[in-house]
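Read through the structure below, which is laid out as structure tokens, and then see the notes.
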Amino acid sequence: MAIAFVLNGTPVELDIDPDTPLLWALRDDLELTGTKYGCGIAQCGACRVLIDGVLTPACVTNVGSLEGAFVQTIEGLSPDRSHPVQQAWAEIDVPQCGYCQSGQIMSAVALLAETPNPTDDDIDAVMERNLCRCGTYPRIRAAIKRAAQISQAQ
Amino acid sequence: MTLELNRRRFLASAGVALVVPIAIPHVSFAQSVATQFNPYLRLEPDGIVTLFSPVSEMGQGTHTGHAQIVADELGVDISTIRISVPEQPAEPYRLIFGQMRSVGSFGIRSWIEPLRLASAQARTVLIEAAAQDWGVDAATLDTENGLVRSSDGARGASFAELLASASELRLPNAPTLRGFEGRRYVGEAVPRIDTPQKLDGSAVFGIDVRLPDMLFGAVRLSPTFGAEVARIDPSTASDARALVEVPGGAVVVADRWWTAKQMADGLDIEWGSSPHANVSSADLTAAMRAGLDQPEAPAAASRGDATGALEASAQVVEADYEVPFLAHAALEPIACVGQLRDGRCDVWMSTQGHDVVRVALEEATGLPASAIYIHTTFLGGAFGRKTHGEVAVEAVLASKAVEGRPVKVVWAREDDMRQGQYRPAMTARMRAALSTDGSVEAMHIRLSGPMMGREYSHITIEDGVDFFSHAVLLDQPYCETNFLLDHHEVTVPPSTCPWRAVSSSQNGFFLEAFADELAAAAGQDPIEWRRAQLADRPSHIAVLDSVARRSNWSSPLPGPNWGRGVAIVESYNSRVAQVVEVEMLDDIPVVRRVTLAIDCGEAINPGQVRAQMEGSIIDGLGPALRCQITLQNGGTVQGNYDDYPILRIPETPEIDIEIVNTGAPIGGVGEPGIPPLAPAVANAVFAATGQRRRVLPLAPDT
């Protein structure tokens with residue numbers, strides 16, 4: 001039986017094994033490859049997406065649990081990289097290899113939705129689940145603070 | 001004129017585009033195998049300048065640097081530049097050792113002059129074309145923003161208008177290069193040209209490639225180094241599109257990766273025997289330690305009489321050091337899309353080792369190099385690991401098994417971490433004779449461990465020197481006379497592989513941790529002692545002075561359980577000094593602050609130099625503090641980020657960076673930030689505790 005949910009504002013139906021992790025459904029069935037595979041065990045954060053507004057690792061979330069859910073991925077953040085977090089990321093020139101950055105950006109979006117003016121501890125509490133082997137952490141921290149400013153000016 | 005012939009040949013196919021190939025100053029021993037001579041620069045009528053760059057973009061920022069160099073020398077806006085990596089390794093793209101690879105922090109320093117030359121050649125013929133058209137002296141014209149302009153501003157023409165006539169002109173062999181004054185891009189912290197794609201999920205990495213009709217492959221690889229498949233029960237993957245035996249394991253092909261992965265995990269495989277089946281890290285460490293006690297070993301460097309001088313000395317300092325295997329753990333796992341059909345082999349992958357992949361595919365397919373095409377994507381981190389071609393072979397063999405449909409093979413994280421290609425484990429015994437003023441009269445460094453150069457047939461080990469094992473130590477700056485570096489070789493089951501900074505990563509630790517012991521034995525401050533030994537090296541002194549000043553080296557620390565340590569290492573023709581402040585919490589070092597200075601000569605993009613230094617500190621802290629690969633029963637214990645815990649954001653220290661330019665030649669940037677980090681941390685731990693920790697990682701169980 002097909003599973004129906006809303007992906008980046010568009011209704012989708014998936015007729016696949018309900019045990020399939022959302023990560024692989026996104027990448028292989030729905031052809032949205034912005035959400036990345038890094039560990040498969042919710043350790044690296046590269047696959048973090050928003051499900052009903054809640055930051056969730058897609059690698060350990062089965063599609064069978066998504067009936068009627070609203071799923072947002074990096075591709076659905078803005079049509080033109082204009083989300084305040086994307087603006088701040090560009091301004092600070094955060095990415096190096098860039099592979100983890102979809103997850104980093106989605107985590108920052110979730111953080112700022114809950115906590116518009118995050119302290120360093122607030123940032124750590126959410127972002128510590130996202131690994132970056134290039135070591136862009138100082139710029140991520142700066143960009144989150146910048147994104148908070150951009151959001152408030154809007 | 002070969003250049004001229006090549007240029008005319010490609011002009012014919014390039015229409016009205018202006019195509020500028022390049023003469024590489026290196027003499028390469030490898031023969032060109034490409035069917036296409038890919039020009040370096042192609043100017044099109046739509047105003048786009050395409051640069052075929054031999055360097056992959058893996059986060060190090062080289063593509064942005066190349067775009068800056070070309071934009072300035074040619075006189076175009078950087079937004080008009082596109083960068084593409086050639087599909088076939090060819091002579092013009094090879095490094096000095098004859099390979100097309102993105103390694104060795106060569107990206108800028110090896111290519112800046114060829115890129116400037118090609119860009120200046122293009123600029124010169126565009127100006128000449130305008131000068132002839134307008135009947136004016138070329139010396140009165142210049143380029144800017146994709147236009148040729150007269151110095152009085154009266155006349156101007158776009159490059160596009162001039163392409164046809166410029167293409168007819170002979171390229172000058174020695175065009176005038178623009179000076180470094182008044183440049184628009186070089187020397188500025190220009191934003192990375194690839195940042196926009198990396199903000200919305202549109203950047204394509206090897207693991208993201210999707211082709212029509214593509215199938216997916218998951219691997220099941222040997223849990224023991226050196227074991228091959230003895231028998232597979234095919235009925236355990238009866239729903240697979242294909243089950244393909246590959247070196248060291250099998251690939252299961254299915255319509256979706258998750259399905260393939262489930263079947264690969266469920267395969268009933270009997271593995272053959274391996275000579276390494278009982279090997280553990282404890283055994284290897286014991287063998288390496290025994291090598292330190294051997295009376296003699298093959299010498300890599302020998303000057304004067306180190307042994308005699310050590311025997312005669314009144315003050316000898318001796319210490320043993322150890323480092324473990326390390327995995328690369330790039331966030332993007334090993335992956336490749338391969339296709340084999342109609343006598344042609346194509347791979348789409350995030351590779352930094354084009355010639356390595358080419359050779360692996362030649363051997364696997366029997367096809368000539370001219371039939372092999374490598375389509376390079378962005379690399380989701382690499383750090384040396386993505387020089388290899390195992391996954392390309394797997395993908396191509398899988399494609400062959402499904403009638404030439406493209407197959408994307410993706411390794412799981414555990415496959416990536418457990419299949420070797422590690423930074424070698426190594427031990428070192430450091431001995432030095434100190435004179436009364438603290439200078440080093442004699443030094444003997446004994447290494448005991450693998451020799452990575454054995455894995456690279458294109459670079460031989462000559463006269464005992466292995467550049468994959470002996471960097472930093474061969475030309476250590478502390479002992480001019482009576483120096484001996486020798487290496488007792490211990491072979492190890494896993495393949496070893498360059499890991500960011502290669503042997504400089506462990507040798508920098510050995511040398512600079514020991515230097516700290518020498519300073520202490522001499523009763524001198526660690527920075528003052530280094531200043532005295534390095535007095536005739538102005539770049540070393542400049543970076544040391546920078547970190548001493550900016551770290552407030554002599555100022556009090558917040559508490560008695562704090563310590564400051566220093567280290568300085570020259571690698572890849574750059575000098576990097578670091579001062580690390582640690583706070584000991586229950587015997588565990590917590591790194592609070594890192595002050596870094598680099599002299600890489602001219603910084604093409606200071607923003608990216610800083611990014612690489614920030615990244616090197618954070619990247620280096622995991623292995624300095626707690627990451628290691630250990631072996632048990634012939635296989636790897638660790639498998640994922642839960643037991644190979646690279647640094648997380650809350651642990652990021654305060655970081656201060658200064659770029660010091662003493663006018664030295666351009667040095668590398670991607671790797672030199674790594675080697676001083678671990679010894680500076682270890683030296684800070686000593687300063688805090690009075691105890692030396694000589695084994696990495698420093699706090700393994702945290």
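Within each chain, counting starts at residue 1; across the structure tokens, chains are named A, B, ... in the order shown, with ligands numbered 1 upward in that order.
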Which chain B residues are at most 8 Å from chain A (counting only C-alpha atoms), as a PyMOL selection string? chain B and resi 57-61+191-192+195-196+198-203+205+208+256-258+329-333+378-381+412-413+611+614-619+640-642+646-650+652
As a ChimeraX atom specification, please: all residues of stretch 444-567 of chain B that backbone DSSP puts in strand (DSSP E or B). /B:444-449,462,465,483-489,496,562-567
Students should find that atom CA of B:Pro526 and atom CA of B:Ser574 are spaced 21.0 Å
Near B:Gly338, within 7 Å and counting only C-alpha atoms, which residues show up once chain neighbours fewer than 3 positions away are dropped, as a ChimeraX atom specification? /B:346-348,392,395-396,399,406-408
Picked from chain A by DSSP as alpha helix (DSSP H), as a PyMOL selection string: chain A and resi 22-24+84-92+101-114+120-127+137-153
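Between atom CA of A:Leu66 and atom CA of A:Leu22 the separation is 8.7 Å.
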I want to know what sits within 7 Å of A:Ile3, based on only C-alpha atoms, with residues of the same chain fewer than 4 positions away left out; could you give that as number ranges by chain? A: 13-15, 64, 67
Surrounding residues of B:Asp586 excluding itself and chain neighbours under 4 positions, 12 Å, only C-alpha atoms, as a VMD selection string: chain B and resid 561 to 562 590 689 699 702
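Of the listed residues (A:Met1, A:Ala69, A:Met106, A:Ile150), A:Met106 comes nearest to A:Pro57; the distances count only C-alpha atoms.
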Excluding same-chain residues fewer than 3 positions from B:Ile112, what lies within 10 Å of it counting only C-alpha atoms, as a tab-separated table (two decimals) with C-alpha atoms, in the first residue's frame?
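Output (selection_23.tsv):
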```tsv
chain	number	residue	atom	x	y	z
B	65	GLY	CA	42.02	30.08	-6.35
B	66	HIS	CA	42.40	29.03	-9.97
B	69	ILE	CA	44.39	33.68	-10.95
B	70	VAL	CA	42.83	33.39	-14.41
B	106	PHE	CA	50.07	21.21	-4.99
B	107	GLY	CA	46.78	22.75	-6.19
B	108	ILE	CA	47.89	26.35	-6.26
B	109	ARG	CA	51.66	26.25	-6.06
B	115	LEU	CA	47.64	29.32	-15.46
B	116	ARG	CA	49.09	32.81	-15.51
B	117	LEU	CA	51.00	32.04	-18.68
B	604	ILE	CA	46.18	33.74	-3.14
B	666	ILE	CA	54.17	29.95	-2.57
```
Within 12 Å of B:Pro665 using only C-alpha atoms, minus same-chain residues under 3 positions, as a list in words: Ile108, Arg109, Ser110, Ile112, Glu113, Ser539, Tyr572, Asn573, Ser574, Arg575, Asp599, Cys600, Gly601, Glu602, Ala603, Ile604, Asn661, Thr662 and Gly668 of chain B
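Among the candidates A:Cys47, A:Val71, A:Ala108, A:Leu30, the residue lying nearest to A:Ala143 is A:Ala108 (atoms considered: only C-alpha atoms).
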